[in-house]
Amino acid sequence: MRRRRVAILKPDYYGIVGGFERVVDILDDALTTDGWDVSRRVVKVVDLPLEVGGLDIPAEVFESHPEYFRYLMVRQAFDRVDTGDADVVISTQPPSFSHVHPRHLALFFHHHRVYYDLEDEYVEAGFVDDPELHRRAGEIIRELDQPRLDQIGWFLAGSQTVADRLAHFGGHTNVSLFHAGVGVGDDAKEVPASTPGTGDVLSISRMEFPKRAELAVAAAHLLSDRGTTLVGTGSRELWVRHLDHVLSLGSARAEELTPAEIWCNTGRQAQPVPDSYRSPVTFAGRVSDDELERRFREAPCVLAVAHDEDYGLTAIEAMRHGRPVIVCRDGGGLTELVVHEQTGLVVDPTPRAVADAVQRLIDDVDLATELGANGRDRAAEFSWSNAVDEFRSGLEQVDR
Amino acid sequence: MSDRELVRSYIERAAVRADGDLGQYVRDRVAEARPHAHAGAEVPEGARLRGVKQAMVAASRPVTSHQSVVNNQVLDALDRVAEDLRELAARVTTTDQYVSRVRATAATIEGLVDELVVGFEAERRAREELGGRLEAELERAERFREDIGAELAAMRARQDQVLRAAREALPDGPSPLTLLSRELSVHDDTLYEAIEDAFRGTREAVTDMLRGYLDDVRAVPGDNPVVDVGCGRGEWLELLSHEGITAYGCDTNQVAVDRGLRLGLDIRLADAVDHLGGIEPGSVRAVTSFHVAEHLSLDTLVALIDAAFLALQPGGLLILETPNPNNHQVGAANFYLDPTHLKPLHPLFLQFLVTSRGFADVAVRELHGPGFEGLLPTDLAGDPNRTTPFVEALNQAFASALDYAVLARKPGSPSDPA
């Protein structure tokens, strides 16, 4: 008997393997177990010519708005993918959802954010030379996306925040939630319960806009007797180090910095910093799983202060380790995971508010312990088996 | 065009191309060009050096006077083309989406058909399996019925044997030997042998007639002996021995026994009923008896059939050959050539008798034609509708088989206990 076919559409952005690839691997396994014939239709972004609908885009024009032109090129490549042999199509990252198929399930984690929910911040931060053209490009992208999004049978939104964005931008309510699990492959192994540690405050974040590792650095400089360790690296690391250096020299006071001075900028003004200087901040870079476990154990609390996250795996990971998590009110998906004074603290996105929250957890060990224990319970809900269940019920919506 | 305008134009043009809306793109360009369509005919107000330009236009008017008309015509035509393009593009998009839907639906239907086929196949297999099970069950029930029947028949045969023995023990009771040989012993054994020599046919002729039973015996598996009751001149035993089939004879006629011994045949002087009743039950492959039954009284015939039943192995074969009284020549005349014949046995009666004593697969086989063709309805004058039944009756009376045999099988398979 012919097995039913499902095609998973996926862009491959320069061979980067991230969380989404892990999600797709797990769903691929689940579908295969359920008897589906799974195939992946990958569009390799790096291979695409600078061309849209037969119009060659000159390199200098492309470079002026790479986000825009690349989006159109990839979208066009997904239009050309043949899925006529598939019973069901599952799209993943943008713009794979623009592919048209009568039974289309979108595994939707975000729009093309710089033209949707992050447009203002992106412009404000100075990433675009010509805000007017950027906004016009955004208008076009949203106009092009709308009819395609309208044809999608069902959305599995990565979080309530993402579901809210779908309703806000396109009025889409044919949505259920899909919470990715934590850990690699199978459900993550149980972490033994422990009381909050007495070591450095821990911040785990890729150093990208708007993950806001800078806010953790600024808050670190307002703590009197406790260091902060930053795990992670990224394209903004120079800027994050520059900010730390400036604050260490005393040339600026953390409390007085504006968002633009802290994180809402391109980071291109960063100056090189000396190899060693006195700072409460330790840059740990990439760390092994074992080292990360150790740092979790030693941390009194974990900072997840990103701006408008889609989901917030870092917070779940911290909760799984029984550590209270500090997130910001504008943290998007993070604020779904962390409930103020239940599993962590939700504060304003300012260095002072973050520092005060850390101090409160250091001073009140009982509170930190209670929030950590609650967090452990909450994190247990984010298992891969639950994720697969959510996925299957989404699939039923289009496969009827 | 400044860099910014260039980028803007690419942003717009790429957007149009992204959804294949080339028509809109052309319309936009036409709209942009329309205000300049008058070029060559007049100079717009506010143009730099308008006076000079007007003079130049005036001077070249004989050549350029139609330019604006041409420009507008070209733009109108482009506008039409753009409109058509938009419509075409919309249709292509609709068609693409339709094709995509149709293909996906076809893929799904293909899957459903596969599922149905698999379902039907499973259903068919289940039915077949059920049918097979029912058949096996029926066969088992049939075998069970046969086994029970055989057991009952064996019990009855034993019981009758006991009764006969009891009767013999009574002061005036006749012995089985007497019963069996009553007809034979009243005459001289030699005389009987002489009669048989005269009327049964030559050894060769008899051997040829018996050859037809070889396959029946071979069909019974195993090496148990064949017992020939009333073996007479021993043609059958000779034939069996020649074919490598173990066999011996049983006869109450001393002359026959002596002659058989001289021929090297194993012939025992014994009452067949006593002999078969006395040997190990289930130890005989076949019991055969050619032209003996018509010499026996009903009691003795029943006793012989019962004794054979006990002696035969499960699946063992019984053959009783006798003259066919359905042939009037036989029934009315030839039967009485042998004065030791008691009375003819109708094939239906013998078949009934054997069946009633517990045998299975009881069949009547007609043997030995009269040596001439029967009549055809057309051999008689008159309406064939009228002559046909009469001819059939005539053929039955005069052209049917001279002899017949009842062949029967003891129920059970060779592996079953006797």
# chains A, B, ... in the order shown; residues from 1 in each chain; ligands from 1
>>> interface_residues(of="chain B", to="chain A", cutoff="9 Å", atoms="only C-alpha atoms", output="PyMOL selection string")
chain B and resi 3-4+6-8+10-20+97+99-108+110-112+114-115+117-118
>>> write_last_selection(atoms="C-alpha atoms", output="PDB file, in the first residue's frame")
ATOM      1  CA  ASP B   3      21.038  55.447  -6.491  1.00  0.00           C
ATOM      2  CA  ARG B   4      18.048  55.743  -4.211  1.00  0.00           C
ATOM      3  CA  LEU B   6      17.390  52.955  -8.722  1.00  0.00           C
ATOM      4  CA  VAL B   7      17.004  50.910  -5.544  1.00  0.00           C
ATOM      5  CA  ARG B   8      13.390  52.012  -5.162  1.00  0.00           C
ATOM      6  CA  TYR B  10      14.158  47.575  -8.175  1.00  0.00           C
ATOM      7  CA  ILE B  11      12.202  47.171  -4.957  1.00  0.00           C
ATOM      8  CA  GLU B  12       8.965  47.935  -6.812  1.00  0.00           C
ATOM      9  CA  ARG B  13       9.814  45.961  -9.930  1.00  0.00           C
ATOM     10  CA  ALA B  14      10.944  42.940  -7.957  1.00  0.00           C
ATOM     11  CA  ALA B  15       7.684  43.061  -5.974  1.00  0.00           C
ATOM     12  CA  VAL B  16       5.692  43.036  -9.203  1.00  0.00           C
ATOM     13  CA  ARG B  17       7.786  40.194 -10.609  1.00  0.00           C
ATOM     14  CA  ALA B  18       7.569  38.272  -7.358  1.00  0.00           C
ATOM     15  CA  ASP B  19       3.913  37.622  -7.965  1.00  0.00           C
ATOM     16  CA  GLY B  20       4.255  37.627 -11.746  1.00  0.00           C
ATOM     17  CA  GLN B  97      -3.318  26.686  -7.818  1.00  0.00           C
ATOM     18  CA  VAL B  99      -3.472  22.135 -10.795  1.00  0.00           C
ATOM     19  CA  SER B 100      -1.739  21.966  -7.447  1.00  0.00           C
ATOM     20  CA  ARG B 101      -5.066  21.168  -5.732  1.00  0.00           C
ATOM     21  CA  VAL B 102      -5.971  18.568  -8.343  1.00  0.00           C
ATOM     22  CA  ARG B 103      -2.586  16.873  -8.054  1.00  0.00           C
ATOM     23  CA  ALA B 104      -2.702  16.806  -4.283  1.00  0.00           C
ATOM     24  CA  THR B 105      -6.251  15.450  -4.389  1.00  0.00           C
ATOM     25  CA  ALA B 106      -5.172  12.835  -6.936  1.00  0.00           C
ATOM     26  CA  ALA B 107      -2.318  11.828  -4.634  1.00  0.00           C
ATOM     27  CA  THR B 108      -4.770  11.439  -1.776  1.00  0.00           C
ATOM     28  CA  GLU B 110      -4.394   7.235  -5.025  1.00  0.00           C
ATOM     29  CA  GLY B 111      -3.637   6.579  -1.377  1.00  0.00           C
ATOM     30  CA  LEU B 112      -7.299   5.886  -0.602  1.00  0.00           C
ATOM     31  CA  ASP B 114      -4.500   1.694  -2.280  1.00  0.00           C
ATOM     32  CA  GLU B 115      -6.097   1.459   1.142  1.00  0.00           C
ATOM     33  CA  VAL B 117      -7.423  -2.461  -2.429  1.00  0.00           C
ATOM     34  CA  VAL B 118      -5.534  -3.576   0.650  1.00  0.00           C
TER      35      VAL B 118
END
>>> select_by_dssp(residues="region 126-299 of chain A", states="strand (DSSP E or B)", output="VMD selection string")
chain A and resid 154 to 157 175 to 177 201 to 204 228 to 231 281 to 285
>>> write_last_selection(atoms="C-alpha atoms", output="mmCIF file, in the first residue's frame")
data_model
loop_
_atom_site.group_PDB
_atom_site.id
_atom_site.type_symbol
_atom_site.label_atom_id
_atom_site.label_comp_id
_atom_site.auth_asym_id
_atom_site.auth_seq_id
_atom_site.Cartn_x
_atom_site.Cartn_y
_atom_site.Cartn_z
ATOM 1 C CA TRP A 154 -3.630 25.550 9.905
ATOM 2 C CA PHE A 155 -0.907 27.300 11.851
ATOM 3 C CA LEU A 156 1.064 25.711 14.643
ATOM 4 C CA ALA A 157 2.379 28.811 16.403
ATOM 5 C CA VAL A 175 -3.958 28.575 15.000
ATOM 6 C CA SER A 176 -3.000 26.173 17.764
ATOM 7 C CA LEU A 177 0.169 26.189 19.830
ATOM 8 C CA VAL A 201 24.488 35.255 37.949
ATOM 9 C CA LEU A 202 24.093 33.465 34.617
ATOM 10 C CA SER A 203 23.007 34.948 31.313
ATOM 11 C CA ILE A 204 22.748 32.694 28.291
ATOM 12 C CA THR A 228 27.712 37.851 36.121
ATOM 13 C CA THR A 229 28.767 35.272 33.546
ATOM 14 C CA LEU A 230 27.663 35.605 29.936
ATOM 15 C CA VAL A 231 27.462 32.374 27.978
ATOM 16 C CA VAL A 281 31.291 40.419 33.886
ATOM 17 C CA THR A 282 32.884 37.183 32.687
ATOM 18 C CA PHE A 283 32.585 36.301 29.000
ATOM 19 C CA ALA A 284 32.472 32.512 28.844
ATOM 20 C CA GLY A 285 31.798 32.251 25.095
#
>>> closest_residue(among="B:Val284, B:Leu345, B:Val217, B:His368", to="Ala205 (chain B)", atoms="only C-alpha atoms")
B:His368
>>> residues_around(residues="Phe352 (chain B)", least_positions_apart="6", cutoff="10 Å", atoms="only C-alpha atoms", output="short mmCIF file (atom, residue, chain, number, x, y, z; two decimals) with C-alpha atoms, in the first residue's frame")
data_model
loop_
_atom_site.label_atom_id
_atom_site.label_comp_id
_atom_site.auth_asym_id
_atom_site.auth_seq_id
_atom_site.Cartn_x
_atom_site.Cartn_y
_atom_site.Cartn_z
CA HIS B 346 -28.70 -57.79 -7.52
CA PHE B 359 -18.03 -49.77 4.56
CA VAL B 362 -19.12 -48.27 -1.85
CA VAL B 406 -18.79 -54.00 -5.48
#
>>> residues_around(residues="Ser235 (chain A)", least_positions_apart="6", cutoff="10 Å", atoms="only C-alpha atoms", output="JSON list (two decimals) with C-alpha atoms, in the first residue's frame")
[["chain", "number", "residue", "atom", "x", "y", "z"],
["A", 206, "ARG", "CA", 23.40, 34.64, 21.51],
["A", 207, "MET", "CA", 24.89, 38.12, 21.06],
["A", 208, "GLU", "CA", 22.51, 39.27, 18.36],
["A", 209, "PHE", "CA", 19.93, 42.00, 17.99],
["A", 267, "GLY", "CA", 26.70, 48.00, 17.58]]
>>> select_by_dssp(residues="region 139-320 of chain A", states="helix (DSSP H, G or I)", output="ChimeraX atom specification")
/A:139-150,160-170,213-220,237-249,254-256,259-262,289-298,313-320
>>> atom_distance(atom1="CA of Asp356 (chain A)", atom2="CA of Leu337 (chain A)")
20.7 Å
>>> atom_distance(atom1="CA of Gly212 (chain B)", atom2="CA of Asn395 (chain B)")
23.9 Å
>>> residues_around(residues="region 145-162 of chain B", least_positions_apart="2", cutoff="10 Å", atoms="only C-alpha atoms", output="ChimeraX atom specification")
/B:139-143,164-168,176,273-274,277,281,302-311,314,355-360,410-413,416,418
>>> write_last_selection(atoms="N, CA and C atoms", output="short mmCIF file (atom, residue, chain, number, x, y, z; two decimals), in the first residue's frame")
data_model
loop_
_atom_site.label_atom_id
_atom_site.label_comp_id
_atom_site.auth_asym_id
_atom_site.auth_seq_id
_atom_site.Cartn_x
_atom_site.Cartn_y
_atom_site.Cartn_z
N GLU B 139 -14.54 -31.65 6.83
CA GLU B 139 -13.79 -32.87 6.55
C GLU B 139 -13.56 -33.65 7.85
N ARG B 140 -13.24 -32.87 8.89
CA ARG B 140 -12.99 -33.48 10.19
C ARG B 140 -14.29 -34.17 10.68
N ALA B 141 -15.41 -33.43 10.51
CA ALA B 141 -16.69 -33.97 10.95
C ALA B 141 -17.01 -35.25 10.16
N GLU B 142 -16.72 -35.20 8.84
CA GLU B 142 -16.99 -36.36 7.98
C GLU B 142 -16.15 -37.56 8.43
N ARG B 143 -14.88 -37.26 8.73
CA ARG B 143 -13.99 -38.35 9.17
C ARG B 143 -14.45 -38.90 10.51
N ARG B 164 -22.70 -65.99 16.39
CA ARG B 164 -22.55 -67.18 15.55
C ARG B 164 -21.83 -68.30 16.31
N ALA B 165 -20.80 -67.88 17.05
CA ALA B 165 -20.06 -68.88 17.83
C ALA B 165 -20.98 -69.53 18.86
N ALA B 166 -21.85 -68.66 19.46
CA ALA B 166 -22.78 -69.16 20.47
C ALA B 166 -23.73 -70.16 19.84
N ARG B 167 -24.18 -69.78 18.63
CA ARG B 167 -25.12 -70.65 17.94
C ARG B 167 -24.47 -72.01 17.63
N GLU B 168 -23.23 -71.95 17.25
CA GLU B 168 -22.51 -73.18 16.91
C GLU B 168 -22.37 -74.09 18.15
N PRO B 176 -19.70 -72.48 11.29
CA PRO B 176 -19.45 -71.53 10.19
C PRO B 176 -18.90 -72.24 8.97
N VAL B 273 -14.43 -67.02 6.85
CA VAL B 273 -15.01 -66.26 7.97
C VAL B 273 -14.18 -66.51 9.23
N ASP B 274 -13.87 -67.79 9.47
CA ASP B 274 -13.04 -68.10 10.65
C ASP B 274 -11.67 -67.45 10.54
N GLY B 277 -11.75 -63.65 10.79
CA GLY B 277 -12.15 -63.28 12.15
C GLY B 277 -11.06 -63.61 13.16
N PRO B 281 -6.81 -57.98 13.87
CA PRO B 281 -7.69 -57.01 13.20
C PRO B 281 -6.85 -55.89 12.57
N VAL B 302 -23.09 -62.15 5.00
CA VAL B 302 -22.98 -61.09 6.01
C VAL B 302 -21.79 -61.38 6.92
N ALA B 303 -21.64 -62.65 7.30
CA ALA B 303 -20.53 -63.02 8.19
C ALA B 303 -19.20 -62.74 7.50
N LEU B 304 -19.14 -63.03 6.20
CA LEU B 304 -17.90 -62.79 5.45
C LEU B 304 -17.58 -61.29 5.38
N ILE B 305 -18.62 -60.51 5.07
CA ILE B 305 -18.41 -59.04 4.98
C ILE B 305 -17.95 -58.51 6.34
N ASP B 306 -18.57 -58.98 7.41
CA ASP B 306 -18.19 -58.53 8.74
C ASP B 306 -16.76 -58.93 9.07
N ALA B 307 -16.42 -60.18 8.76
CA ALA B 307 -15.07 -60.66 9.06
C ALA B 307 -14.04 -59.87 8.28
N ALA B 308 -14.38 -59.56 7.02
CA ALA B 308 -13.47 -58.76 6.20
C ALA B 308 -13.29 -57.37 6.81
N PHE B 309 -14.39 -56.81 7.28
CA PHE B 309 -14.35 -55.46 7.88
C PHE B 309 -13.37 -55.43 9.04
N LEU B 310 -13.44 -56.49 9.90
CA LEU B 310 -12.55 -56.54 11.07
C LEU B 310 -11.10 -56.72 10.64
N ALA B 311 -10.89 -57.55 9.64
CA ALA B 311 -9.51 -57.89 9.25
C ALA B 311 -8.82 -56.75 8.50
N PRO B 314 -7.51 -49.78 8.26
CA PRO B 314 -8.29 -48.60 7.91
C PRO B 314 -7.95 -48.18 6.48
N THR B 355 -22.65 -51.45 2.30
CA THR B 355 -22.77 -50.14 2.95
C THR B 355 -23.30 -50.31 4.36
N SER B 356 -24.31 -51.15 4.48
CA SER B 356 -24.97 -51.28 5.78
C SER B 356 -24.06 -51.94 6.81
N ARG B 357 -23.02 -52.66 6.37
CA ARG B 357 -22.10 -53.28 7.33
C ARG B 357 -20.95 -52.34 7.68
N GLY B 358 -21.04 -51.07 7.26
CA GLY B 358 -20.07 -50.08 7.75
C GLY B 358 -19.03 -49.63 6.75
N PHE B 359 -19.04 -50.19 5.54
CA PHE B 359 -18.03 -49.77 4.56
C PHE B 359 -18.36 -48.39 3.98
N ALA B 360 -17.30 -47.72 3.46
CA ALA B 360 -17.47 -46.40 2.85
C ALA B 360 -17.09 -46.48 1.37
N LYS B 410 -12.75 -49.63 3.84
CA LYS B 410 -13.01 -49.53 5.27
C LYS B 410 -12.70 -48.10 5.70
N PRO B 411 -13.59 -47.42 6.43
CA PRO B 411 -13.36 -46.02 6.78
C PRO B 411 -12.06 -45.85 7.57
N GLY B 412 -11.56 -44.63 7.55
CA GLY B 412 -10.34 -44.32 8.30
C GLY B 412 -9.15 -44.25 7.37
N SER B 413 -8.06 -43.64 7.89
CA SER B 413 -6.84 -43.55 7.08
C SER B 413 -5.87 -44.58 7.64
N ASP B 416 -4.75 -44.49 11.20
CA ASP B 416 -5.70 -44.69 12.30
C ASP B 416 -5.57 -46.11 12.84
N ALA B 418 -6.91 -49.70 13.86
CA ALA B 418 -7.99 -50.49 13.29
C ALA B 418 -9.17 -50.48 14.25
#
>>> residues_around(residues="Val38 (chain A)", least_positions_apart="4", cutoff="9 Å", atoms="only C-alpha atoms", output="mmCIF file with N, CA and C atoms, in the first residue's frame")
data_model
loop_
_atom_site.group_PDB
_atom_site.id
_atom_site.type_symbol
_atom_site.label_atom_id
_atom_site.label_comp_id
_atom_site.auth_asym_id
_atom_site.auth_seq_id
_atom_site.Cartn_x
_atom_site.Cartn_y
_atom_site.Cartn_z
ATOM 1 N N ARG A 4 1.164 7.474 2.885
ATOM 2 C CA ARG A 4 0.774 8.858 2.597
ATOM 3 C C ARG A 4 2.024 9.729 2.693
ATOM 4 N N ARG A 5 2.041 10.719 1.814
ATOM 5 C CA ARG A 5 3.279 11.503 1.689
ATOM 6 C C ARG A 5 3.124 12.879 2.333
ATOM 7 N N VAL A 6 4.133 13.241 3.073
ATOM 8 C CA VAL A 6 4.176 14.592 3.612
ATOM 9 C C VAL A 6 5.498 15.214 3.177
ATOM 10 N N ALA A 7 5.401 16.446 2.690
ATOM 11 C CA ALA A 7 6.611 17.161 2.265
ATOM 12 C C ALA A 7 6.883 18.280 3.260
ATOM 13 N N ILE A 8 8.096 18.304 3.794
ATOM 14 C CA ILE A 8 8.483 19.376 4.720
ATOM 15 C C ILE A 8 9.314 20.397 3.939
ATOM 16 N N ASP A 28 9.935 14.771 11.968
ATOM 17 C CA ASP A 28 10.185 13.810 10.883
ATOM 18 C C ASP A 28 10.089 12.381 11.439
ATOM 19 N N ASP A 29 10.752 12.151 12.582
ATOM 20 C CA ASP A 29 10.717 10.824 13.219
ATOM 21 C C ASP A 29 9.283 10.439 13.590
ATOM 22 N N LEU A 31 6.449 11.534 12.371
ATOM 23 C CA LEU A 31 5.636 11.278 11.176
ATOM 24 C C LEU A 31 5.949 9.904 10.602
ATOM 25 N N THR A 32 7.236 9.584 10.562
ATOM 26 C CA THR A 32 7.630 8.282 10.021
ATOM 27 C C THR A 32 7.050 7.162 10.880
#
>>> residues_around(residues="Glu317 (chain A)", least_positions_apart="4", cutoff="9 Å", atoms="only C-alpha atoms", output="PyMOL selection string")
chain A and resi 182-183+312-313+321-322+379
>>> atom_distance(atom1="CA of Asp216 (chain B)", atom2="CA of Ser289 (chain B)")
14.0 Å
>>> closest_residue(among="B:Val287, B:Val81, B:Leu342, B:Ala408", to="Gly23 (chain B)", atoms="only C-alpha atoms")
B:Val81
>>> closest_residue(among="B:Val74, B:Val330, B:Leu130, B:Ala82", to="Asp28 (chain B)", atoms="only C-alpha atoms")
B:Ala82
